[in-house]
$ cat model.cif   # mmCIF, C-alpha atoms and all ligand atoms
data_entry
#
loop_
_atom_site.label_atom_id
_atom_site.label_comp_id
_atom_site.auth_asym_id
_atom_site.auth_seq_id
_atom_site.Cartn_x
_atom_site.Cartn_y
_atom_site.Cartn_z
CA MET A 137 0.00 0.00 0.00
CA SER A 138 1.99 2.97 -1.24
CA ASP A 139 -0.65 5.29 0.26
CA TRP A 140 0.06 4.02 3.73
CA LYS A 141 3.77 4.31 3.08
CA ASP A 142 3.33 7.98 2.16
CA VAL A 143 1.43 8.57 5.37
CA LYS A 144 4.10 6.90 7.44
CA GLU A 145 6.87 8.90 5.77
CA CYS A 146 5.00 12.13 6.25
CA MET A 147 4.43 11.32 9.90
CA ASP A 148 8.10 10.47 10.43
CA GLU A 149 9.12 13.76 8.85
CA ASN A 150 6.53 16.20 10.12
CA GLY A 151 4.74 14.48 12.95
CA VAL A 152 0.97 14.35 13.22
CA SER A 153 0.54 18.01 12.32
CA GLY A 154 1.96 17.38 8.85
CA LEU A 155 -0.59 14.65 8.27
CA ALA A 156 -3.58 16.98 8.22
CA GLU A 157 -1.99 18.85 5.32
CA LEU A 158 -1.22 15.60 3.49
CA PHE A 159 -4.78 14.29 3.86
CA LYS A 160 -6.23 17.57 2.69
CA GLU A 161 -3.93 17.62 -0.29
CA ARG A 162 -4.88 14.04 -1.22
CA LEU A 163 -8.59 14.73 -0.95
CA GLU A 164 -8.35 17.74 -3.24
CA ARG A 165 -5.89 16.18 -5.65
CA TRP A 166 -8.45 14.92 -8.13
CA LYS A 167 -9.77 18.44 -8.63
CA LYS A 168 -6.30 19.74 -9.42
CA THR A 169 -4.85 17.01 -11.63
CA GLU A 170 -5.00 18.03 -15.28
CA VAL A 171 -6.39 15.61 -17.84
CA ASN A 172 -5.93 16.45 -21.53
CA ILE A 173 -7.75 14.34 -24.08
CA GLY A 174 -7.04 14.94 -27.76
CA ILE A 175 -9.95 14.57 -30.17
CA THR A 176 -9.64 14.50 -33.91
CA GLY A 177 -11.41 13.32 -37.06
CA ASN A 178 -13.15 14.74 -40.11
CA SER A 179 -15.60 17.61 -39.94
CA GLY A 180 -19.09 16.28 -39.29
CA ALA A 181 -17.84 13.09 -37.62
CA GLY A 182 -19.47 14.07 -34.31
CA LYS A 183 -16.48 15.35 -32.31
CA SER A 184 -18.25 18.39 -30.88
CA SER A 185 -21.34 16.33 -30.09
CA PHE A 186 -19.18 13.82 -28.24
CA ILE A 187 -17.39 16.55 -26.28
CA ASN A 188 -20.81 17.77 -25.15
CA ALA A 189 -22.25 14.32 -24.45
CA ILE A 190 -19.38 13.21 -22.27
CA ARG A 191 -19.58 16.45 -20.30
CA ASP A 192 -23.34 15.96 -19.95
CA LEU A 193 -24.09 19.22 -21.76
CA ASN A 194 -26.82 19.79 -24.31
CA ASP A 195 -25.54 21.09 -27.63
CA ASP A 196 -27.05 24.53 -26.94
CA ALA A 197 -25.89 24.84 -23.32
CA ASP A 198 -23.47 27.51 -22.12
CA GLY A 199 -19.93 26.31 -22.74
CA ALA A 200 -21.06 23.62 -25.18
CA ALA A 201 -18.89 22.91 -28.20
CA PRO A 202 -20.66 24.34 -31.24
CA VAL A 203 -22.23 21.53 -33.24
CA ASP A 204 -22.64 21.56 -37.01
CA VAL A 205 -19.87 24.05 -37.60
CA THR A 206 -18.36 22.97 -40.89
CA GLU A 207 -15.18 25.07 -40.90
CA CYS A 208 -12.05 23.17 -40.00
CA THR A 209 -10.63 23.73 -36.56
CA ILE A 210 -7.83 26.27 -37.00
CA GLU A 211 -5.91 25.41 -33.88
CA PRO A 212 -6.37 23.13 -30.87
CA THR A 213 -9.37 24.36 -28.86
CA SER A 214 -10.06 23.14 -25.37
CA PHE A 215 -13.48 22.47 -23.88
CA ASN A 216 -13.33 22.12 -20.15
CA HIS A 217 -15.54 19.97 -18.02
CA PRO A 218 -18.19 22.36 -16.63
CA LYS A 219 -17.67 21.27 -13.04
CA TYR A 220 -14.04 20.19 -13.17
CA PRO A 221 -12.15 22.60 -15.44
CA ASN A 222 -8.98 20.56 -15.00
CA ILE A 223 -10.46 17.99 -17.40
CA LYS A 224 -9.99 19.29 -20.90
CA PHE A 225 -11.25 17.83 -24.14
CA TRP A 226 -9.24 19.23 -27.02
CA ASP A 227 -10.74 19.58 -30.47
CA LEU A 228 -7.60 19.09 -32.55
CA PRO A 229 -7.23 20.07 -36.20
CA GLY A 230 -6.81 17.22 -38.66
CA ILE A 231 -3.74 16.54 -40.74
CA GLY A 232 -4.45 17.68 -44.27
CA THR A 233 -6.44 20.75 -43.22
CA PRO A 234 -5.14 24.06 -44.66
CA ASN A 235 -2.94 25.02 -41.68
CA TYR A 236 -1.63 21.51 -41.19
CA PRO A 237 -0.98 20.13 -44.66
CA ASP A 238 1.35 17.34 -43.55
CA LEU A 239 2.60 15.38 -40.58
CA GLU A 240 5.74 17.48 -40.19
CA THR A 241 3.79 20.74 -39.78
CA TYR A 242 1.32 18.92 -37.54
CA ARG A 243 4.04 17.60 -35.29
CA GLN A 244 5.55 21.07 -34.92
CA LYS A 245 2.30 22.89 -34.20
CA VAL A 246 0.36 20.34 -32.15
CA GLN A 247 2.26 19.19 -29.10
CA LEU A 248 1.20 15.58 -29.03
CA ASP A 249 3.03 14.90 -25.77
CA LYS A 250 0.61 17.15 -23.92
CA TYR A 251 -2.28 14.69 -24.31
CA GLN A 252 -2.77 11.58 -22.22
CA THR A 253 -4.80 9.84 -24.91
CA PHE A 254 -6.33 10.42 -28.34
CA LEU A 255 -9.78 9.77 -29.73
CA ILE A 256 -10.13 9.55 -33.49
CA PHE A 257 -13.64 10.00 -34.81
CA SER A 258 -15.37 9.01 -38.00
CA SER A 259 -19.00 8.62 -38.98
CA SER A 260 -18.10 6.52 -42.03
CA ARG A 261 -14.63 5.43 -43.14
CA PHE A 262 -11.44 6.40 -41.35
CA THR A 263 -9.09 8.33 -43.62
CA GLU A 264 -5.49 8.00 -44.63
CA ASN A 265 -4.70 11.04 -42.48
CA ASP A 266 -6.24 9.32 -39.45
CA ILE A 267 -3.85 6.43 -40.04
CA ILE A 268 -0.83 8.73 -40.46
CA LEU A 269 -1.70 10.38 -37.16
CA VAL A 270 -2.11 7.09 -35.33
CA LYS A 271 1.29 5.95 -36.51
CA GLU A 272 2.77 9.07 -34.95
CA ILE A 273 0.78 8.59 -31.74
CA LYS A 274 2.03 5.01 -31.54
CA LYS A 275 5.58 6.17 -32.08
CA GLN A 276 5.22 8.44 -29.07
CA GLY A 277 3.98 5.52 -27.00
CA LYS A 278 0.56 7.09 -26.40
CA SER A 279 -2.80 5.36 -26.38
CA PHE A 280 -5.61 5.99 -28.87
CA PHE A 281 -9.13 4.86 -29.67
CA PHE A 282 -11.11 4.79 -32.88
CA ILE A 283 -14.68 5.93 -32.50
CA ARG A 284 -17.23 5.19 -35.15
CA THR A 285 -20.18 7.53 -34.47
CA LYS A 286 -23.81 7.77 -35.63
CA ILE A 287 -24.46 4.08 -35.04
CA ASP A 288 -28.08 5.02 -34.37
CA GLU A 289 -28.41 5.99 -38.04
CA ASN A 290 -27.02 2.64 -39.22
CA VAL A 291 -29.27 0.70 -36.90
CA ARG A 292 -32.29 2.74 -37.90
CA ALA A 293 -31.60 2.23 -41.60
CA GLU A 294 -31.16 -1.52 -41.21
CA LYS A 295 -34.23 -1.83 -39.05
CA ARG A 296 -36.36 -1.35 -42.14
CA LYS A 297 -35.18 -4.69 -43.47
CA GLU A 298 -37.02 -7.86 -42.61
CA SER A 299 -33.85 -9.75 -41.73
CA PHE A 300 -32.79 -7.07 -39.24
CA SER A 301 -30.39 -8.13 -36.53
CA GLU A 302 -28.74 -5.43 -34.47
CA ALA A 303 -25.82 -7.67 -33.57
CA ALA A 304 -25.18 -8.38 -37.25
CA VAL A 305 -25.23 -4.64 -38.10
CA LEU A 306 -22.72 -3.89 -35.37
CA GLU A 307 -20.53 -6.80 -36.35
CA LYS A 308 -20.45 -5.65 -39.96
CA ILE A 309 -19.51 -2.08 -39.03
CA ARG A 310 -16.77 -3.32 -36.73
CA ARG A 311 -15.39 -5.53 -39.47
CA ASP A 312 -15.48 -2.66 -41.99
CA CYS A 313 -13.53 -0.51 -39.54
CA MET A 314 -10.91 -3.21 -39.06
CA GLU A 315 -10.49 -3.62 -42.82
CA ASN A 316 -10.24 0.13 -43.20
CA LEU A 317 -7.71 0.61 -40.40
CA VAL A 318 -4.61 -0.95 -41.93
CA ASP A 319 -1.23 0.44 -42.92
CA GLU A 320 0.24 0.40 -46.46
CA ALA A 321 1.33 -3.20 -45.98
CA GLY A 322 -2.20 -4.20 -44.96
CA LYS A 323 -1.22 -4.66 -41.31
CA PRO A 324 -3.98 -3.80 -38.79
CA MET A 325 -3.44 -0.52 -36.95
CA CYS A 326 -5.35 -1.62 -33.87
CA SER A 327 -7.24 -4.49 -32.29
CA GLU A 328 -11.04 -4.77 -32.30
CA ASP A 329 -11.05 -3.66 -28.68
CA ASP A 330 -9.74 -0.24 -29.73
CA ILE A 331 -12.81 0.42 -31.88
CA PHE A 332 -15.92 1.85 -30.26
CA LEU A 333 -19.29 2.04 -31.96
CA THR A 334 -21.25 4.91 -30.46
CA SER A 335 -24.05 7.35 -30.84
CA ASN A 336 -23.63 10.75 -29.25
CA HIS A 337 -27.41 11.02 -29.18
CA HIS A 338 -27.77 7.77 -27.21
CA PRO A 339 -24.86 7.67 -24.78
CA ASP A 340 -26.64 4.93 -22.84
CA LYS A 341 -26.43 2.56 -25.82
CA TRP A 342 -23.70 0.63 -27.60
CA ASP A 343 -20.09 1.40 -26.71
CA PHE A 344 -20.35 4.93 -25.32
CA GLY A 345 -20.13 3.91 -21.65
CA GLY A 346 -17.44 1.36 -22.49
CA LEU A 347 -15.45 4.07 -24.21
CA ALA A 348 -15.63 6.31 -21.16
CA LEU A 349 -14.30 3.42 -19.09
CA ALA A 350 -11.59 2.57 -21.59
CA ILE A 351 -10.37 6.17 -21.62
CA ARG A 352 -10.35 6.12 -17.86
CA ASP A 353 -8.42 2.87 -17.74
CA VAL A 354 -5.53 4.09 -19.92
CA LEU A 355 -4.94 7.24 -17.88
CA PRO A 356 -2.20 7.45 -15.28
CA ARG A 357 -3.48 6.84 -11.78
CA TYR A 358 -4.30 10.37 -10.62
CA GLN A 359 -5.82 11.34 -13.93
CA ARG A 360 -7.83 8.15 -13.74
CA GLU A 361 -9.31 9.12 -10.39
CA THR A 362 -10.06 12.57 -11.69
CA LEU A 363 -11.86 11.38 -14.79
CA THR A 364 -13.79 8.72 -12.90
CA LEU A 365 -15.19 11.20 -10.45
CA SER A 366 -16.10 13.62 -13.23
CA LEU A 367 -18.25 11.10 -15.07
CA ASN A 368 -21.45 12.09 -13.33
CA ALA A 369 -23.65 11.87 -16.35
CA LEU A 370 -22.75 8.31 -17.04
CA THR A 371 -23.32 7.02 -13.57
CA SER A 372 -26.93 6.58 -14.45
CA LEU A 373 -25.94 4.60 -17.51
CA SER A 374 -23.40 2.04 -16.51
CA LYS A 375 -22.92 -0.31 -13.62
CA ASP A 376 -19.24 -0.55 -14.48
CA ILE A 377 -18.76 3.17 -14.04
CA LEU A 378 -20.63 3.00 -10.78
CA LYS A 379 -18.30 0.24 -9.64
CA ARG A 380 -15.19 2.22 -10.61
CA LYS A 381 -16.53 5.24 -8.78
CA VAL A 382 -17.08 3.20 -5.64
CA GLU A 383 -13.48 1.99 -5.86
CA VAL A 384 -12.14 5.53 -6.14
CA LEU A 385 -14.32 6.69 -3.26
CA GLU A 386 -13.12 3.76 -1.17
CA GLY A 387 -9.55 4.81 -1.92
CA ARG A 388 -10.27 8.23 -0.42
CA MET A 389 -11.67 6.87 2.82
CA MET A 390 -8.42 6.68 4.70
CA TYR A 391 -7.79 10.34 3.99
CA VAL A 392 -11.27 11.44 4.97
CA ALA A 393 -11.14 9.36 8.12
CA GLY A 394 -7.64 10.61 8.85
CA ALA A 395 -8.49 14.24 8.22
CA SER A 396 -11.70 14.01 10.27
CA ALA A 397 -9.96 12.28 13.11
CA LEU A 398 -7.17 14.82 13.08
CA ALA A 399 -9.42 17.84 12.90
CA ALA A 400 -9.26 18.22 16.65
CA ALA A 401 -6.61 15.65 17.28
CA THR A 402 -5.22 14.65 20.58
CA PRO A 403 -1.95 13.12 19.46
CA VAL A 404 -1.96 10.43 22.07
CA PRO A 405 -2.48 6.92 20.76
CA GLY A 406 -5.54 5.23 22.15
CA LEU A 407 -7.40 8.43 22.89
CA SER A 408 -10.34 9.26 20.73
CA PHE A 409 -10.21 11.99 18.17
CA ALA A 410 -12.92 14.53 17.74
CA VAL A 411 -14.79 14.20 14.51
CA ASN A 412 -14.92 16.99 12.11
CA ALA A 413 -18.54 16.27 11.44
CA GLY A 414 -18.68 18.76 8.60
CA LEU A 415 -15.99 16.93 6.67
CA LEU A 416 -17.66 13.60 7.23
CA LEU A 417 -21.06 14.77 6.08
CA LYS A 418 -19.54 16.49 3.08
CA GLU A 419 -17.93 13.25 1.97
CA VAL A 420 -21.09 11.20 2.41
CA ARG A 421 -23.03 13.81 0.44
CA GLU A 422 -20.35 13.52 -2.21
CA TYR A 423 -21.16 9.80 -2.40
CA ILE A 424 -24.79 10.65 -3.03
CA THR A 425 -23.88 13.01 -5.85
CA GLN A 426 -21.14 10.84 -7.29
CA LEU A 427 -23.28 7.73 -7.45
CA GLY A 428 -25.99 9.61 -9.29
CA ILE A 429 -28.77 9.50 -6.71
CA PRO A 430 -31.41 11.76 -8.30
CA GLU A 431 -32.36 14.90 -6.43
CA LYS A 432 -35.75 14.95 -4.81
CA GLY A 433 -38.23 16.59 -7.16
CA SER A 434 -36.03 16.18 -10.24
CA GLN A 435 -37.31 14.60 -13.43
CA ARG A 436 -35.21 11.48 -12.88
CA PHE A 437 -36.58 11.16 -9.35
CA GLY A 438 -40.14 11.47 -10.61
CA ARG A 439 -39.70 8.54 -12.99
CA LEU A 440 -38.64 6.08 -10.31
CA SER A 441 -40.92 3.63 -8.56
CA SER A 442 -42.34 4.81 -5.27
CA ALA A 443 -40.32 2.19 -3.37
CA THR A 444 -37.05 3.54 -4.78
CA GLN A 445 -38.19 7.12 -4.21
CA GLN A 446 -38.80 6.20 -0.59
CA GLU A 447 -35.30 4.67 -0.35
CA ILE A 448 -33.82 7.92 -1.62
CA LEU A 449 -35.79 10.06 0.79
CA ASP A 450 -34.61 7.77 3.53
CA LEU A 451 -30.97 8.26 2.46
CA LEU A 452 -31.38 12.02 2.42
CA ILE A 453 -32.69 11.98 5.97
CA LYS A 454 -29.98 9.61 7.20
CA PHE A 455 -27.13 11.41 5.56
CA GLY A 456 -28.46 14.93 5.81
CA THR A 457 -27.53 15.77 9.38
CA VAL A 458 -25.05 14.73 12.03
CA PRO A 459 -27.69 13.14 14.31
CA GLY A 460 -29.05 11.28 11.26
CA ILE A 461 -25.69 9.85 10.40
CA ALA A 462 -24.96 9.08 14.03
CA SER A 463 -28.10 6.99 14.39
CA PHE A 464 -27.23 5.21 11.13
CA LEU A 465 -23.85 4.36 12.58
CA ALA A 466 -25.39 3.11 15.80
CA SER A 467 -27.81 0.84 13.97
CA GLU A 468 -25.11 -0.51 11.64
CA ALA A 469 -22.68 -1.20 14.44
CA ALA A 470 -25.41 -3.00 16.35
CA THR A 471 -25.85 -5.47 13.51
CA GLU A 472 -22.43 -7.08 13.98
CA ASP A 473 -20.31 -7.34 17.02
CA THR A 474 -16.92 -8.65 16.09
CA GLY A 475 -13.49 -7.09 15.78
CA VAL A 476 -13.55 -3.45 14.93
CA LEU A 477 -17.32 -3.41 15.17
CA GLY A 478 -17.18 -4.37 18.79
CA VAL A 479 -14.81 -1.53 19.50
CA ILE A 480 -17.03 0.83 17.66
CA ALA A 481 -20.11 -0.34 19.47
CA ARG A 482 -18.30 0.49 22.68
CA PHE A 483 -17.39 3.92 21.37
CA ILE A 484 -20.98 4.57 20.56
CA SER A 485 -22.23 3.59 23.96
CA PHE A 486 -19.41 5.52 25.58
CA PHE A 487 -20.02 8.80 23.78
CA SER A 488 -23.33 10.46 23.26
CA LEU A 489 -23.65 11.09 19.56
CA THR A 490 -24.06 14.80 19.00
CA PRO A 491 -22.20 17.15 16.63
CA ASP A 492 -19.09 17.30 18.78
CA ASP A 493 -18.89 13.60 19.35
CA SER A 494 -15.62 11.85 19.62
CA LEU A 495 -15.06 9.02 17.20
CA SER A 496 -11.86 7.23 16.38
CA PHE A 497 -10.26 6.70 12.99
CA PRO A 498 -11.60 3.11 12.63
CA CYS A 499 -15.02 4.27 13.62
CA ILE A 500 -15.10 6.99 10.99
CA TYR A 501 -13.68 4.59 8.46
CA PHE A 502 -16.38 2.09 9.27
CA LEU A 503 -19.04 4.75 9.03
CA LEU A 504 -17.78 5.77 5.58
CA CYS A 505 -17.71 2.14 4.40
CA ARG A 506 -21.22 1.45 5.55
CA SER A 507 -22.58 4.72 4.19
CA LEU A 508 -21.03 4.07 0.80
CA LYS A 509 -22.42 0.53 0.73
CA ARG A 510 -25.90 1.73 1.56
CA ILE A 511 -25.79 4.51 -1.04
CA GLU A 512 -24.35 2.15 -3.64
CA ALA A 513 -27.25 -0.26 -3.11
CA VAL A 514 -29.78 2.50 -3.74
CA ALA A 515 -27.76 3.76 -6.73
CA LEU A 516 -27.90 0.28 -8.24
CA ALA A 517 -31.65 0.13 -7.81
CA VAL A 518 -31.94 3.53 -9.50
CA LEU A 519 -29.67 2.34 -12.29
CA GLU A 520 -31.70 -0.76 -12.96
CA GLU A 521 -34.95 1.14 -13.14
CA ALA A 522 -33.42 3.80 -15.38
CA ALA A 523 -31.93 1.16 -17.69
CA GLN A 524 -35.31 -0.51 -18.05
CA GLN A 525 -36.93 2.83 -18.86
CA SER A 526 -34.23 3.64 -21.37
CA ILE A 527 -34.98 0.39 -23.21
CA ASP A 528 -38.68 1.21 -23.15
CA ASP A 529 -38.07 4.77 -24.40
CA LEU A 530 -35.55 4.14 -27.12
CA ASP A 531 -37.08 5.71 -30.16
CA LEU A 532 -35.31 3.92 -32.94
CA ASP A 533 -38.33 2.77 -34.93
N1 LIG B 601 -27.63 10.61 -35.56
C1 LIG B 601 -26.49 11.10 -35.05
N2 LIG B 601 -26.08 12.34 -35.38
C2 LIG B 601 -24.94 12.80 -34.83
C3 LIG B 601 -24.14 12.03 -33.96
N3 LIG B 601 -23.06 12.75 -33.60
C4 LIG B 601 -23.18 13.95 -34.22
N4 LIG B 601 -24.30 13.98 -34.96
C5 LIG B 601 -24.77 15.08 -35.81
O1 LIG B 601 -23.80 15.25 -36.85
C6 LIG B 601 -23.60 16.62 -37.14
C7 LIG B 601 -22.13 16.99 -36.96
O2 LIG B 601 -21.78 16.85 -35.62
P1 LIG B 601 -20.60 17.66 -34.93
O3 LIG B 601 -20.56 17.21 -33.51
O4 LIG B 601 -20.72 19.13 -35.17
O5 LIG B 601 -19.33 17.09 -35.72
P2 LIG B 601 -17.83 17.65 -35.75
O6 LIG B 601 -17.70 18.48 -36.98
O7 LIG B 601 -16.96 16.42 -35.83
O8 LIG B 601 -17.60 18.44 -34.51
C8 LIG B 601 -24.54 17.37 -36.20
O9 LIG B 601 -25.72 17.65 -36.90
C9 LIG B 601 -24.79 16.40 -35.08
O10 LIG B 601 -26.04 16.60 -34.46
C10 LIG B 601 -24.59 10.69 -33.66
O11 LIG B 601 -23.96 9.93 -32.92
N5 LIG B 601 -25.77 10.29 -34.21
MG MG B 602 -16.95 20.43 -34.33
#
$ encode --input "model.cif" --output "structure tokens"
Amino acid sequence: MSDWKDVKECMDENGVSGLAELFKERLERWKKTEVNIGITGNSGAGKSSFINAIRDLNDDADGAAPVDVTECTIEPTSFNHPKYPNIKFWDLPGIGTPNYPDLETYRQKVQLDKYQTFLIFSSSRFTENDIILVKEIKKQGKSFFFIRTKIDENVRAEKRKESFSEAAVLEKIRRDCMENLVDEAGKPMCSEDDIFLTSNHHPDKWDFGGLALAIRDVLPRYQRETLTLSLNALTSLSKDILKRKVEVLEGRMMYVAGASALAAATPVPGLSFAVNAGLLLKEVREYITQLGIPEKGSQRFGRLSSATQQEILDLLIKFGTVPGIASFLASEAATEDTGVLGVIARFISFFSLTPDDSLSFPCIYFLLCRSLKRIEAVALAVLEEAAQQSIDDLDLD
């Protein structure tokens, strides 16, 4: 556990007081780490629409990338995530456009090393210039993905035929892409796993969610955490993303617990630490947002079954106030009575649970674990209902 090693080193160097700073820095890190994703492909391929879809923006929203602009991008233009401006999607010019006639000019003007990964878009065939660019990206040891957009149009067109099979349509498109993506010697430029069939208008279908995950998975660790936590829109669309989010949130727990415990620390081992209840509640609320629990009164909330709505209201009460969360902790700890739980149960009976309660690091850690588990269960229920509705709604006829 390199995280624990860092903590130990920091403690050896700066004592307990240095730890608070370290925890704070770790908790904020994902909002500060820059992620640069390069996006390229012919005009009309759906780059701008993708940049909006992945940021959960409508095409006419403030800060949206303008859609249906036919002029070629003159120079790299960044579109920041609306909530997390450190995540930047770059609309890159293509090779062969007037300002970038060839690879040499391209290499000089576009600093490829700045980007963590590249997405190459096409709504039909990939071009020779796409292949030239990928060769260069490969040479630099960077990752890339091919994205074939407007799959909804292909599926819709094929649906008119009697022998329609969606799987067969997708298979054919994937094969066409593979045949198209070869070098001069006919050698494939990528594997099938690097090709994603998407629709920007239906991000809940086909490979859109898988693409978001694949991008995430190729990023270096800190960028990976950052991107995962920024994928709010997709939480409602993919169990895999939900799972990855839970993992990242679990990874933060030691810092939250540490920072909370240290907030009014008594640096004597064995003595309880005062909880910074504000920090704790803030983190649990972050779980609710991150895992895509719909807000009360929102459209998404309104479409859920009354049982799930009730579950959400219950969560909001439990995790809305310090006494709420304290009684949740008490009831959870009462359910098991071994190991750390036993200790915690004793803590709970020892201290009266009010805003300035004293809870230890393991207790806070336990509370975070149980809260996340509870919220994840509700998020999954929401996800399943939303997925069912999305199948019912899909207007592809
Ligand atoms: N049906 C469909 N239309 C799309 C999709 N992606 C983009 N479009 C449309 O294609 C046109 C060009 O899209 P745009 O995002 O501006 O492409 P760009 O030039 O690569 O940035 C617009 O009219 C979009 O609404 C898609 O996945 N499905
Ligand atoms: Mg565009």
$ residues_near_point --input "model.cif" --point "(-15.3, 17.9, -21.6)" --cutoff "7 Å" --atoms "all atoms listed in the file" --output "list in words"
Ile187, Asn188, Ile190, Arg191, Phe215, Asn216, His217, Ile223, Lys224 and Phe225 of chain A
$ closest_atom_pairs --input "model.cif" --of "chain A" --to "ligand MG 602 (chain B)" --cutoff "10 Å" --atoms "all atoms listed in the file" --output "CSV"
residue,atom,partner,partner_atom,distance
A:Thr176,CA,B:MG602,MG,9.4
A:Gly177,CA,B:MG602,MG,9.4
A:Asn178,CA,B:MG602,MG,9.0
A:Ser179,CA,B:MG602,MG,6.4
A:Gly180,CA,B:MG602,MG,6.8
A:Ala181,CA,B:MG602,MG,8.1
A:Gly182,CA,B:MG602,MG,6.8
A:Lys183,CA,B:MG602,MG,5.5
A:Ser184,CA,B:MG602,MG,4.2
A:Ser185,CA,B:MG602,MG,7.4
A:Phe186,CA,B:MG602,MG,9.3
A:Ile187,CA,B:MG602,MG,8.9
A:Ala201,CA,B:MG602,MG,6.9
A:Pro202,CA,B:MG602,MG,6.2
A:Val203,CA,B:MG602,MG,5.5
A:Asp204,CA,B:MG602,MG,6.4
A:Val205,CA,B:MG602,MG,5.7
A:Thr206,CA,B:MG602,MG,7.2
A:Glu207,CA,B:MG602,MG,8.2
A:Cys208,CA,B:MG602,MG,8.0
A:Thr209,CA,B:MG602,MG,7.5
A:Asp227,CA,B:MG602,MG,7.4
A:Leu228,CA,B:MG602,MG,9.6
A:Pro229,CA,B:MG602,MG,9.9
$ closest_residue --input "model.cif" --among "A:Asp312, A:Asp343, A:Asp353, A:Glu289" --to "ligand LIG 601 (chain B)" --atoms "all atoms listed in the file"
A:Glu289
$ residues_around --input "model.cif" --residues "A:Gly456" --least-positions-apart "3" --cutoff "10 Å" --atoms "all atoms listed in the file" --output "PDB file with C-alpha atoms, in the coordinates of the input"
ATOM      1  CA  LEU A 417     -21.060  14.770   6.080  1.00  0.00           C
ATOM      2  CA  LYS A 418     -19.540  16.490   3.080  1.00  0.00           C
ATOM      3  CA  VAL A 420     -21.090  11.200   2.410  1.00  0.00           C
ATOM      4  CA  ARG A 421     -23.030  13.810   0.440  1.00  0.00           C
ATOM      5  CA  ASP A 450     -34.610   7.770   3.530  1.00  0.00           C
ATOM      6  CA  LEU A 451     -30.970   8.260   2.460  1.00  0.00           C
ATOM      7  CA  LEU A 452     -31.380  12.020   2.420  1.00  0.00           C
ATOM      8  CA  ILE A 453     -32.690  11.980   5.970  1.00  0.00           C
ATOM      9  CA  PRO A 459     -27.690  13.140  14.310  1.00  0.00           C
ATOM     10  CA  GLY A 460     -29.050  11.280  11.260  1.00  0.00           C
ATOM     11  CA  ILE A 461     -25.690   9.850  10.400  1.00  0.00           C
TER      12      ILE A 461
END
$ atom_distance --input "model.cif" --atom1 "atom CA of A:Trp166" --atom2 "atom CA of A:Gln359"
7.3 Å
$ atom_distance --input "model.cif" --atom1 "atom CA of A:Ser279" --atom2 "atom CA of A:Asp195"
27.7 Å
$ closest_residue --input "model.cif" --among "A:Phe281, A:Leu239, A:His337, A:Arg506" --to "A:Ile351" --atoms "only C-alpha atoms"
A:Phe281
$ residues_around --input "model.cif" --residues "A:Arg380" --least-positions-apart "3" --cutoff "10 Å" --atoms "only C-alpha atoms" --output "list in words"
Leu349, Arg352, Asp353, Arg360, Glu361, Thr364, Leu365, Thr371, Lys375, Asp376, Ile377, Glu383, Val384, Leu385 and Glu386 of chain A
$ atom_distance --input "model.cif" --atom1 "atom CA of A:Trp342" --atom2 "atom CA of A:Ser259"
14.7 Å
$ axis_aligned_box --input "model.cif" --around "ligand LIG 601 (chain B)" --padding-each-side "6 Å" --output "lines of an AutoDock Vina configuration file"
center_x = -22.3
center_y = 14.5
center_z = -35.0
size_x = 22.7
size_y = 21.2
size_z = 16.2
$ residues_around --input "model.cif" --residues "A:Asn222" --least-positions-apart "5" --cutoff "7 Å" --atoms "only C-alpha atoms" --output "list of chain:residue names"
A:Lys167, A:Lys168, A:Thr169, A:Glu170, A:Val171, A:Asn216
$ residues_near_point --input "model.cif" --point "(-4.6, 11.1, -32.9)" --cutoff "8 Å" --atoms "all atoms listed in the file" --output "PyMOL selection string"
chain A and resi 174-176+254-256+266+269-270+272-273+280
$ closest_residue --input "model.cif" --among "A:Gly232, A:Met390, A:Leu519, A:Cys499" --to "A:Lys160" --atoms "all atoms listed in the file"
A:Met390
$ residues_around --input "model.cif" --residues "stretch 414-416 of chain A" --least-positions-apart "5" --cutoff "10 Å" --atoms "only C-alpha atoms" --output "list of chain:residue names"
A:Val392, A:Ala393, A:Ala395, A:Ser396, A:Ala397, A:Ala399, A:Arg421, A:Glu422, A:Phe455, A:Thr457, A:Val458, A:Ile461, A:Pro491, A:Ile500, A:Tyr501, A:Leu503, A:Leu504
$ closest_residue --input "model.cif" --among "A:Ile283, A:Val246, A:Leu449, A:Ile173" --to "ligand LIG 601 (chain B)" --atoms "all atoms listed in the file"
A:Ile283
$ closest_residue --input "model.cif" --among "A:Gly346, A:Gly151, A:Pro339, A:Pro498" --to "A:Ala523" --atoms "only C-alpha atoms"
A:Pro339
$ closest_residue --input "model.cif" --among "A:Ile429, A:Asp192, A:Ile267, A:Lys141" --to "A:Glu320" --atoms "only C-alpha atoms"
A:Ile267
$ residues_around --input "model.cif" --residues "A:Leu163" --least-positions-apart "2" --cutoff "7 Å" --atoms "only C-alpha atoms" --output "ChimeraX atom specification"
/A:159-161,165,388,391
$ write_last_selection --input "model.cif" --atoms "C-alpha atoms" --output "compact mmCIF listing (two decimals), in the frame of the given file"
# COMPACT_ATOMS: atom_id res chain seq x y z
CA PHE A 159 -4.78 14.29 3.86
CA LYS A 160 -6.23 17.57 2.69
CA GLU A 161 -3.93 17.62 -0.29
CA ARG A 165 -5.89 16.18 -5.65
CA ARG A 388 -10.27 8.23 -0.42
CA TYR A 391 -7.79 10.34 3.99
